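Note: the block below is structure.cif and it holds mmCIF, C-alpha atoms.
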data_upload
#
loop_
_atom_site.group_PDB
_atom_site.id
_atom_site.type_symbol
_atom_site.label_atom_id
_atom_site.label_comp_id
_atom_site.auth_asym_id
_atom_site.auth_seq_id
_atom_site.Cartn_x
_atom_site.Cartn_y
_atom_site.Cartn_z
ATOM 1 C CA MET A 8 0.000 0.000 0.000
ATOM 2 C CA ARG A 9 2.827 2.370 0.936
ATOM 3 C CA LEU A 10 4.591 1.619 -2.356
ATOM 4 C CA ALA A 11 1.387 2.268 -4.290
ATOM 5 C CA ILE A 12 0.868 5.636 -2.612
ATOM 6 C CA SER A 13 4.523 6.512 -3.184
ATOM 7 C CA GLY A 14 4.142 5.683 -6.868
ATOM 8 C CA ILE A 15 1.077 7.905 -7.178
ATOM 9 C CA VAL A 16 2.872 10.783 -5.444
ATOM 10 C CA ASN A 17 5.925 10.403 -7.687
ATOM 11 C CA LYS A 18 3.749 10.300 -10.794
ATOM 12 C CA TYR A 19 1.952 13.468 -9.614
ATOM 13 C CA LEU A 20 5.230 15.280 -8.957
ATOM 14 C CA ILE A 21 6.727 14.266 -12.311
ATOM 15 C CA THR A 22 3.588 15.316 -14.188
ATOM 16 C CA HIS A 23 3.379 18.727 -12.544
ATOM 17 C CA ALA A 24 7.119 19.388 -12.510
ATOM 18 C CA SER A 25 7.190 18.921 -16.274
ATOM 19 C CA LYS A 26 4.936 21.953 -16.613
ATOM 20 C CA ILE A 27 7.495 24.239 -14.993
ATOM 21 C CA MET A 28 9.532 26.115 -17.578
ATOM 22 C CA LYS A 29 12.735 28.102 -17.584
ATOM 23 C CA ILE A 30 11.708 31.378 -19.197
ATOM 24 C CA ALA A 31 13.655 34.497 -20.181
ATOM 25 C CA ILE A 32 11.879 37.765 -20.892
ATOM 26 C CA ALA A 33 13.855 39.911 -23.306
ATOM 27 C CA GLY A 34 12.664 43.452 -22.774
ATOM 28 C CA PHE A 35 11.928 43.660 -19.062
ATOM 29 C CA GLY A 36 10.129 46.993 -19.101
ATOM 30 C CA ALA A 37 6.634 47.699 -17.832
ATOM 31 C CA LEU A 38 4.869 44.833 -19.604
ATOM 32 C CA GLY A 39 7.787 42.416 -19.431
ATOM 33 C CA ALA A 40 7.978 42.917 -15.684
ATOM 34 C CA ARG A 41 4.256 42.304 -15.235
ATOM 35 C CA VAL A 42 4.363 39.120 -17.291
ATOM 36 C CA GLY A 43 7.500 38.032 -15.434
ATOM 37 C CA VAL A 44 5.823 38.423 -12.043
ATOM 38 C CA MET A 45 2.810 36.392 -13.147
ATOM 39 C CA LEU A 46 4.996 33.607 -14.525
ATOM 40 C CA GLN A 47 7.173 33.523 -11.407
ATOM 41 C CA GLN A 48 4.112 33.373 -9.156
ATOM 42 C CA ALA A 49 2.958 30.331 -11.142
ATOM 43 C CA GLY A 50 6.216 28.547 -10.304
ATOM 44 C CA HIS A 51 8.162 29.105 -13.517
ATOM 45 C CA GLU A 52 11.857 30.020 -13.342
ATOM 46 C CA VAL A 53 11.999 33.547 -14.767
ATOM 47 C CA THR A 54 14.936 35.745 -15.741
ATOM 48 C CA GLY A 55 14.654 39.251 -17.150
ATOM 49 C CA ILE A 56 16.895 40.687 -19.866
ATOM 50 C CA ASP A 57 17.124 44.437 -20.327
ATOM 51 C CA GLY A 58 19.532 47.181 -21.311
ATOM 52 C CA TRP A 59 18.485 49.941 -18.910
ATOM 53 C CA ALA A 60 21.177 50.013 -16.230
ATOM 54 C CA ALA A 61 19.158 52.010 -13.683
ATOM 55 C CA HIS A 62 16.202 49.629 -14.007
ATOM 56 C CA ILE A 63 18.402 46.549 -13.570
ATOM 57 C CA ALA A 64 20.172 48.104 -10.568
ATOM 58 C CA ALA A 65 16.913 49.045 -8.856
ATOM 59 C CA ILE A 66 15.434 45.564 -9.216
ATOM 60 C CA SER A 67 18.675 43.837 -8.249
ATOM 61 C CA THR A 68 19.101 46.019 -5.161
ATOM 62 C CA ASP A 69 15.566 46.428 -3.845
ATOM 63 C CA GLY A 70 13.350 44.119 -5.889
ATOM 64 C CA LEU A 71 10.609 45.007 -8.359
ATOM 65 C CA THR A 72 7.960 47.269 -6.835
ATOM 66 C CA VAL A 73 4.485 46.564 -8.204
ATOM 67 C CA HIS A 74 1.534 48.813 -7.431
ATOM 68 C CA GLN A 75 -1.628 46.716 -7.781
ATOM 69 C CA ASP A 76 -4.953 48.079 -8.975
ATOM 70 C CA ASP A 77 -6.479 47.264 -5.571
ATOM 71 C CA GLY A 78 -4.241 49.894 -3.985
ATOM 72 C CA THR A 79 -1.689 47.507 -2.502
ATOM 73 C CA THR A 80 2.028 47.465 -3.244
ATOM 74 C CA LYS A 81 4.176 44.335 -3.389
ATOM 75 C CA LYS A 82 7.828 43.509 -3.959
ATOM 76 C CA TYR A 83 9.007 40.743 -6.241
ATOM 77 C CA TYR A 84 12.527 39.442 -6.652
ATOM 78 C CA ILE A 85 13.345 38.361 -10.197
ATOM 79 C CA PRO A 86 16.910 38.218 -11.545
ATOM 80 C CA VAL A 87 17.411 40.813 -14.279
ATOM 81 C CA MET A 88 20.583 41.322 -16.297
ATOM 82 C CA THR A 89 21.914 42.498 -19.628
ATOM 83 C CA ALA A 90 22.051 40.317 -22.744
ATOM 84 C CA LYS A 91 25.809 40.040 -22.334
ATOM 85 C CA GLU A 92 25.532 38.826 -18.727
ATOM 86 C CA ILE A 93 22.826 36.193 -19.109
ATOM 87 C CA ASP A 94 23.815 32.552 -19.450
ATOM 88 C CA GLY A 95 22.199 29.123 -19.479
ATOM 89 C CA LYS A 96 19.520 27.346 -21.486
ATOM 90 C CA PHE A 97 15.883 28.365 -21.667
ATOM 91 C CA ASP A 98 12.715 26.566 -22.746
ATOM 92 C CA LEU A 99 11.058 29.810 -23.806
ATOM 93 C CA ILE A 100 12.196 33.362 -24.537
ATOM 94 C CA ILE A 101 9.439 35.978 -24.588
ATOM 95 C CA LEU A 102 10.396 38.975 -26.712
ATOM 96 C CA LEU A 103 8.980 42.290 -25.551
ATOM 97 C CA THR A 104 11.553 44.717 -26.883
ATOM 98 C CA LYS A 105 10.569 47.615 -29.112
ATOM 99 C CA THR A 106 10.435 46.453 -32.736
ATOM 100 C CA PRO A 107 13.479 48.534 -33.850
ATOM 101 C CA GLN A 108 15.528 46.874 -31.071
ATOM 102 C CA LEU A 109 14.514 43.292 -31.844
ATOM 103 C CA ASP A 110 17.371 42.451 -34.212
ATOM 104 C CA MET A 111 19.950 43.807 -31.761
ATOM 105 C CA MET A 112 18.397 41.869 -28.862
ATOM 106 C CA LEU A 113 18.369 38.591 -30.785
ATOM 107 C CA THR A 114 21.992 39.119 -31.752
ATOM 108 C CA GLY A 115 22.872 39.822 -28.131
ATOM 109 C CA ILE A 116 21.207 36.692 -26.731
ATOM 110 C CA LYS A 117 22.171 34.230 -29.470
ATOM 111 C CA HIS A 118 24.397 32.360 -26.977
ATOM 112 C CA ILE A 119 21.345 31.277 -24.933
ATOM 113 C CA ILE A 120 19.226 30.178 -27.900
ATOM 114 C CA THR A 121 19.453 26.451 -28.603
ATOM 115 C CA LYS A 122 17.632 24.464 -31.268
ATOM 116 C CA ASN A 123 15.087 23.503 -28.600
ATOM 117 C CA THR A 124 14.383 27.051 -27.443
ATOM 118 C CA LYS A 125 11.028 28.505 -28.449
ATOM 119 C CA LEU A 126 10.770 32.248 -29.016
ATOM 120 C CA LEU A 127 7.478 34.081 -28.553
ATOM 121 C CA VAL A 128 7.278 37.667 -29.775
ATOM 122 C CA LEU A 129 4.567 39.839 -28.217
ATOM 123 C CA SER A 130 6.018 43.211 -29.187
ATOM 124 C CA ASN A 131 3.749 45.644 -31.004
ATOM 125 C CA GLY A 132 4.682 46.306 -34.583
ATOM 126 C CA LEU A 133 5.024 44.764 -38.018
ATOM 127 C CA GLY A 134 7.961 42.796 -39.390
ATOM 128 C CA ASN A 135 8.945 41.041 -36.152
ATOM 129 C CA ILE A 136 8.549 37.560 -37.593
ATOM 130 C CA GLU A 137 10.777 38.371 -40.559
ATOM 131 C CA VAL A 138 13.486 39.646 -38.210
ATOM 132 C CA MET A 139 13.274 36.487 -36.083
ATOM 133 C CA GLU A 140 13.622 34.282 -39.140
ATOM 134 C CA LYS A 141 17.093 35.726 -39.681
ATOM 135 C CA HIS A 142 18.175 34.336 -36.312
ATOM 136 C CA VAL A 143 16.291 31.086 -35.665
ATOM 137 C CA ASN A 144 14.538 28.260 -37.456
ATOM 138 C CA ARG A 145 10.952 29.067 -38.410
ATOM 139 C CA ASN A 146 9.774 26.111 -36.335
ATOM 140 C CA GLN A 147 11.039 27.821 -33.164
ATOM 141 C CA ILE A 148 8.936 30.943 -33.670
ATOM 142 C CA LEU A 149 5.643 31.808 -32.046
ATOM 143 C CA ALA A 150 4.006 35.180 -32.584
ATOM 144 C CA GLY A 151 1.186 36.863 -30.771
ATOM 145 C CA VAL A 152 -0.548 39.984 -29.564
ATOM 146 C CA THR A 153 -1.435 40.894 -26.018
ATOM 147 C CA LEU A 154 -3.961 43.154 -24.346
ATOM 148 C CA TRP A 155 -2.175 43.075 -20.984
ATOM 149 C CA THR A 156 -1.021 46.530 -19.896
ATOM 150 C CA SER A 157 1.405 47.998 -17.393
ATOM 151 C CA GLU A 158 2.932 51.392 -16.600
ATOM 152 C CA LEU A 159 6.578 52.034 -15.791
ATOM 153 C CA ILE A 160 6.721 54.674 -13.058
ATOM 154 C CA ASN A 161 10.394 54.676 -12.099
ATOM 155 C CA PRO A 162 13.335 52.311 -12.518
ATOM 156 C CA GLY A 163 12.285 49.084 -10.794
ATOM 157 C CA GLU A 164 8.715 50.297 -10.228
ATOM 158 C CA ILE A 165 5.538 49.540 -12.212
ATOM 159 C CA ARG A 166 1.785 49.991 -11.858
ATOM 160 C CA VAL A 167 -0.592 47.301 -13.130
ATOM 161 C CA THR A 168 -4.308 47.634 -13.792
ATOM 162 C CA GLY A 169 -7.024 45.343 -15.030
ATOM 163 C CA THR A 170 -6.655 42.043 -16.816
ATOM 164 C CA GLY A 171 -5.728 41.083 -20.345
ATOM 165 C CA SER A 172 -5.293 38.272 -22.813
ATOM 166 C CA ILE A 173 -2.869 36.879 -25.370
ATOM 167 C CA LYS A 174 -3.456 35.377 -28.802
ATOM 168 C CA LEU A 175 -0.594 33.410 -30.283
ATOM 169 C CA GLN A 176 0.235 31.062 -33.121
ATOM 170 C CA ALA A 177 3.143 28.836 -34.057
ATOM 171 C CA ILE A 178 4.598 30.248 -37.257
ATOM 172 C CA GLY A 179 6.220 26.984 -38.330
ATOM 173 C CA GLU A 180 5.438 23.486 -37.120
ATOM 174 C CA ALA A 181 6.207 23.954 -33.430
ATOM 175 C CA ASN A 182 3.786 22.501 -30.893
ATOM 176 C CA ALA A 183 2.394 25.612 -29.226
ATOM 177 C CA LYS A 184 0.159 23.772 -26.750
ATOM 178 C CA PRO A 185 2.817 23.366 -23.991
ATOM 179 C CA ILE A 186 3.540 27.102 -24.217
ATOM 180 C CA VAL A 187 -0.148 27.950 -23.999
ATOM 181 C CA SER A 188 -0.520 25.642 -21.010
ATOM 182 C CA ALA A 189 2.479 27.162 -19.213
ATOM 183 C CA LEU A 190 1.291 30.724 -19.775
ATOM 184 C CA ASN A 191 -2.267 29.914 -18.762
ATOM 185 C CA LYS A 192 -0.944 28.390 -15.554
ATOM 186 C CA ALA A 193 0.151 31.966 -14.814
ATOM 187 C CA GLY A 194 -3.330 33.328 -15.579
ATOM 188 C CA LEU A 195 -2.300 35.061 -18.805
ATOM 189 C CA ASN A 196 -5.510 34.048 -20.633
ATOM 190 C CA VAL A 197 -3.849 32.639 -23.749
ATOM 191 C CA THR A 198 -5.696 31.257 -26.748
ATOM 192 C CA LEU A 199 -4.362 29.743 -29.947
ATOM 193 C CA SER A 200 -5.082 31.748 -33.080
ATOM 194 C CA GLN A 201 -5.470 30.418 -36.599
ATOM 195 C CA ASN A 202 -4.492 33.768 -38.097
ATOM 196 C CA VAL A 203 -2.294 35.761 -35.743
ATOM 197 C CA ILE A 204 -1.111 37.985 -38.607
ATOM 198 C CA GLU A 205 -4.617 39.402 -38.851
ATOM 199 C CA ALA A 206 -4.612 40.061 -35.101
ATOM 200 C CA ILE A 207 -1.212 41.783 -35.364
ATOM 201 C CA TRP A 208 -2.470 44.061 -38.136
ATOM 202 C CA HIS A 209 -5.631 44.732 -36.141
ATOM 203 C CA LYS A 210 -3.621 45.892 -33.132
ATOM 204 C CA ALA A 211 -1.276 47.907 -35.355
ATOM 205 C CA GLY A 212 -4.327 49.662 -36.753
ATOM 206 C CA ILE A 213 -5.678 50.446 -33.283
ATOM 207 C CA ASN A 214 -2.293 51.744 -32.109
ATOM 208 C CA SER A 215 -1.906 53.836 -35.267
ATOM 209 C CA VAL A 216 -5.196 55.546 -34.498
ATOM 210 C CA LEU A 217 -5.118 55.939 -30.733
ATOM 211 C CA ASN A 218 -1.448 56.580 -29.988
ATOM 212 C CA PRO A 219 -0.799 59.634 -32.208
ATOM 213 C CA LEU A 220 -4.246 61.179 -31.846
ATOM 214 C CA THR A 221 -4.403 60.998 -28.048
ATOM 215 C CA VAL A 222 -0.933 62.553 -27.871
ATOM 216 C CA LEU A 223 -1.763 65.321 -30.350
ATOM 217 C CA LEU A 224 -5.030 66.107 -28.583
ATOM 218 C CA ASP A 225 -3.548 65.692 -25.094
ATOM 219 C CA ALA A 226 -6.398 63.335 -24.192
ATOM 220 C CA ASN A 227 -6.763 59.858 -22.776
ATOM 221 C CA ILE A 228 -8.644 57.180 -24.714
ATOM 222 C CA ALA A 229 -11.957 57.886 -22.977
ATOM 223 C CA GLU A 230 -11.700 61.615 -23.688
ATOM 224 C CA PHE A 231 -10.788 60.951 -27.305
ATOM 225 C CA GLY A 232 -13.823 58.697 -27.659
ATOM 226 C CA MET A 233 -16.073 61.595 -26.676
ATOM 227 C CA ALA A 234 -14.559 63.955 -29.251
ATOM 228 C CA GLY A 235 -17.100 64.879 -31.913
ATOM 229 C CA ASN A 236 -14.766 64.334 -34.862
ATOM 230 C CA GLY A 237 -12.797 61.454 -33.331
ATOM 231 C CA MET A 238 -14.425 58.797 -35.499
ATOM 232 C CA ASP A 239 -13.749 60.717 -38.723
ATOM 233 C CA LEU A 240 -10.069 61.094 -37.812
ATOM 234 C CA SER A 241 -9.841 57.407 -36.960
ATOM 235 C CA LEU A 242 -11.456 56.224 -40.168
ATOM 236 C CA ASN A 243 -9.146 58.359 -42.290
ATOM 237 C CA ILE A 244 -6.088 56.741 -40.711
ATOM 238 C CA LEU A 245 -7.569 53.245 -41.021
ATOM 239 C CA ASP A 246 -8.215 53.884 -44.715
ATOM 240 C CA GLU A 247 -4.499 54.612 -45.159
ATOM 241 C CA ILE A 248 -3.644 51.342 -43.368
ATOM 242 C CA LYS A 249 -6.003 49.386 -45.635
ATOM 243 C CA LYS A 250 -4.182 50.765 -48.664
ATOM 244 C CA LEU A 251 -0.882 49.503 -47.234
ATOM 245 C CA VAL A 252 -2.312 46.027 -46.646
ATOM 246 C CA SER A 253 -3.896 45.812 -50.093
#

Go ahead and express the file in the form of structure tokens.
Amino acid sequence: MRLAISGIVNKYLITHASKIMKIAIAGFGALGARVGVMLQQAGHEVTGIDGWAAHIAAISTDGLTVHQDDGTTKKYYIPVMTAKEIDGKFDLIILLTKTPQLDMMLTGIKHIITKNTKLLVLSNGLGNIEVMEKHVNRNQILAGVTLWTSELINPGEIRVTGTGSIKLQAIGEANAKPIVSALNKAGLNVTLSQNVIEAIWHKAGINSVLNPLTVLLDANIAEFGMAGNGMDLSLNILDEIKKLVS
């Protein structure tokens, strides 16, 4: 009986341990830090990669300060380092750098990318997949879009609000289901998409409308939505985007 129970326990531990992943987040800014905290809280081994020295120093010295939307503040301790300093092997690398920095980041972390490493890009922008294909096999690439948000207040300090979701798709023939399972274990609300390119263009269109217009009008999204000519401005920009796509 004791042996039977021991076998069940071992089988349980093996099954659940296999779901734990070693994950690097390249681009450990506001959103990268939020995702990193959620993954660490789910039991995954998380390491941040960033190039902002003050941000790395603040987190390394005093932890990551996270202001929650319920008014509480918590500290999290996640190792963060530069691309040059990081070492080891990773099951998954989540790319959250700005699109113009993606090629440089991939070049900088090439020593930690093995043929078994999967790379998931969640950065806003177009052309990310093409850049990744210059560095890794197509079957290692996953691409997605996310509606999770976060605000960087100071080096080592972020504010998070609300919830979000992620849509992703394997670009080649990689099995994306283990990645989806691992991310959903962290509550990231991930679903597999059959056409992530469409979702990427959709988000690019939204960002192209909201980002410049809210800045130019010095308004938040809610205020912009109440503007009498806001819809006309938006549709004009979306028409330009349609011409680019077609």

List every protein, DNA or RNA residue that has at least one atom no more than 12 Å from (20.3, 49.0, -20.2) in the file's coordinates, counting all atoms listed in the file, and write the result as a PyMOL selection string.
chain A and resi 33-36+55-65+87-92+104+112+162

Using the file's own x, y and z axes, so that the box edges lie along x, y and z, what centre and edge lengths in Å (one decimal) does a box around every listed atom of range 230-243 of chain A get when 3 Å is added on each side? Give it as lines of an AutoDock Vina configuration file.
center_x = -13.1
center_y = 60.6
center_z = -33.0
size_x = 14.0
size_y = 14.7
size_z = 24.6

Can you list what the PyMOL selection byres ((chain A and resi 118-129) around 10) grabs from this structure, as a PyMOL selection string?
chain A and resi 30-33+38-39+90-91+93-106+109+113-117+130-132+135-136+139+142-154+173-178+181-183+186+207

Prev. selection, C-alpha atoms, output as a short mmCIF file (atom, residue, chain, number, x, y, z; two decimals), in the coordinates of the input:
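After the write, selection-v8.cif holds the following:
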data_model
loop_
_atom_site.label_atom_id
_atom_site.label_comp_id
_atom_site.auth_asym_id
_atom_site.auth_seq_id
_atom_site.Cartn_x
_atom_site.Cartn_y
_atom_site.Cartn_z
CA ILE A 30 11.71 31.38 -19.20
CA ALA A 31 13.66 34.50 -20.18
CA ILE A 32 11.88 37.76 -20.89
CA ALA A 33 13.86 39.91 -23.31
CA LEU A 38 4.87 44.83 -19.60
CA GLY A 39 7.79 42.42 -19.43
CA ALA A 90 22.05 40.32 -22.74
CA LYS A 91 25.81 40.04 -22.33
CA ILE A 93 22.83 36.19 -19.11
CA ASP A 94 23.82 32.55 -19.45
CA GLY A 95 22.20 29.12 -19.48
CA LYS A 96 19.52 27.35 -21.49
CA PHE A 97 15.88 28.36 -21.67
CA ASP A 98 12.72 26.57 -22.75
CA LEU A 99 11.06 29.81 -23.81
CA ILE A 100 12.20 33.36 -24.54
CA ILE A 101 9.44 35.98 -24.59
CA LEU A 102 10.40 38.98 -26.71
CA LEU A 103 8.98 42.29 -25.55
CA THR A 104 11.55 44.72 -26.88
CA LYS A 105 10.57 47.62 -29.11
CA THR A 106 10.44 46.45 -32.74
CA LEU A 109 14.51 43.29 -31.84
CA LEU A 113 18.37 38.59 -30.78
CA THR A 114 21.99 39.12 -31.75
CA GLY A 115 22.87 39.82 -28.13
CA ILE A 116 21.21 36.69 -26.73
CA LYS A 117 22.17 34.23 -29.47
CA SER A 130 6.02 43.21 -29.19
CA ASN A 131 3.75 45.64 -31.00
CA GLY A 132 4.68 46.31 -34.58
CA ASN A 135 8.94 41.04 -36.15
CA ILE A 136 8.55 37.56 -37.59
CA MET A 139 13.27 36.49 -36.08
CA HIS A 142 18.18 34.34 -36.31
CA VAL A 143 16.29 31.09 -35.66
CA ASN A 144 14.54 28.26 -37.46
CA ARG A 145 10.95 29.07 -38.41
CA ASN A 146 9.77 26.11 -36.34
CA GLN A 147 11.04 27.82 -33.16
CA ILE A 148 8.94 30.94 -33.67
CA LEU A 149 5.64 31.81 -32.05
CA ALA A 150 4.01 35.18 -32.58
CA GLY A 151 1.19 36.86 -30.77
CA VAL A 152 -0.55 39.98 -29.56
CA THR A 153 -1.44 40.89 -26.02
CA LEU A 154 -3.96 43.15 -24.35
CA ILE A 173 -2.87 36.88 -25.37
CA LYS A 174 -3.46 35.38 -28.80
CA LEU A 175 -0.59 33.41 -30.28
CA GLN A 176 0.24 31.06 -33.12
CA ALA A 177 3.14 28.84 -34.06
CA ILE A 178 4.60 30.25 -37.26
CA ALA A 181 6.21 23.95 -33.43
CA ASN A 182 3.79 22.50 -30.89
CA ALA A 183 2.39 25.61 -29.23
CA ILE A 186 3.54 27.10 -24.22
CA ILE A 207 -1.21 41.78 -35.36
#

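Across the model, the gap from CA of Gln48 in chain A to CA of Val167 in chain A is 15.2 Å.
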
Selection dump of the PyMOL selection byres ((chain A and resi 158) around 9), as a compact mmCIF listing (two decimals) with C-alpha atoms, in the coordinates of the input:
# COMPACT_ATOMS: atom_id res chain seq x y z
CA GLY A 36 10.13 46.99 -19.10
CA ALA A 37 6.63 47.70 -17.83
CA LEU A 38 4.87 44.83 -19.60
CA THR A 156 -1.02 46.53 -19.90
CA SER A 157 1.40 48.00 -17.39
CA LEU A 159 6.58 52.03 -15.79
CA ILE A 160 6.72 54.67 -13.06
CA GLU A 164 8.72 50.30 -10.23
CA ILE A 165 5.54 49.54 -12.21
CA ARG A 166 1.78 49.99 -11.86
CA VAL A 167 -0.59 47.30 -13.13
CA THR A 168 -4.31 47.63 -13.79

Go through A:Gly194, A:Gly169, A:Gly179, A:Gly237 one by one, measure the shortest atom-to-atom distance of each to Gln47 in chain A using only C-alpha atoms, and give the residue with the smallest value.
A:Gly194

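Take the candidates A:Arg41, A:Ser188, A:Glu137, A:Met233 and check each one against Gly171 in chain A using only C-alpha atoms; the shortest distance goes to A:Arg41.
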
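CA of Val222 in chain A lies 17.1 Å from CA of Asn243 in chain A.
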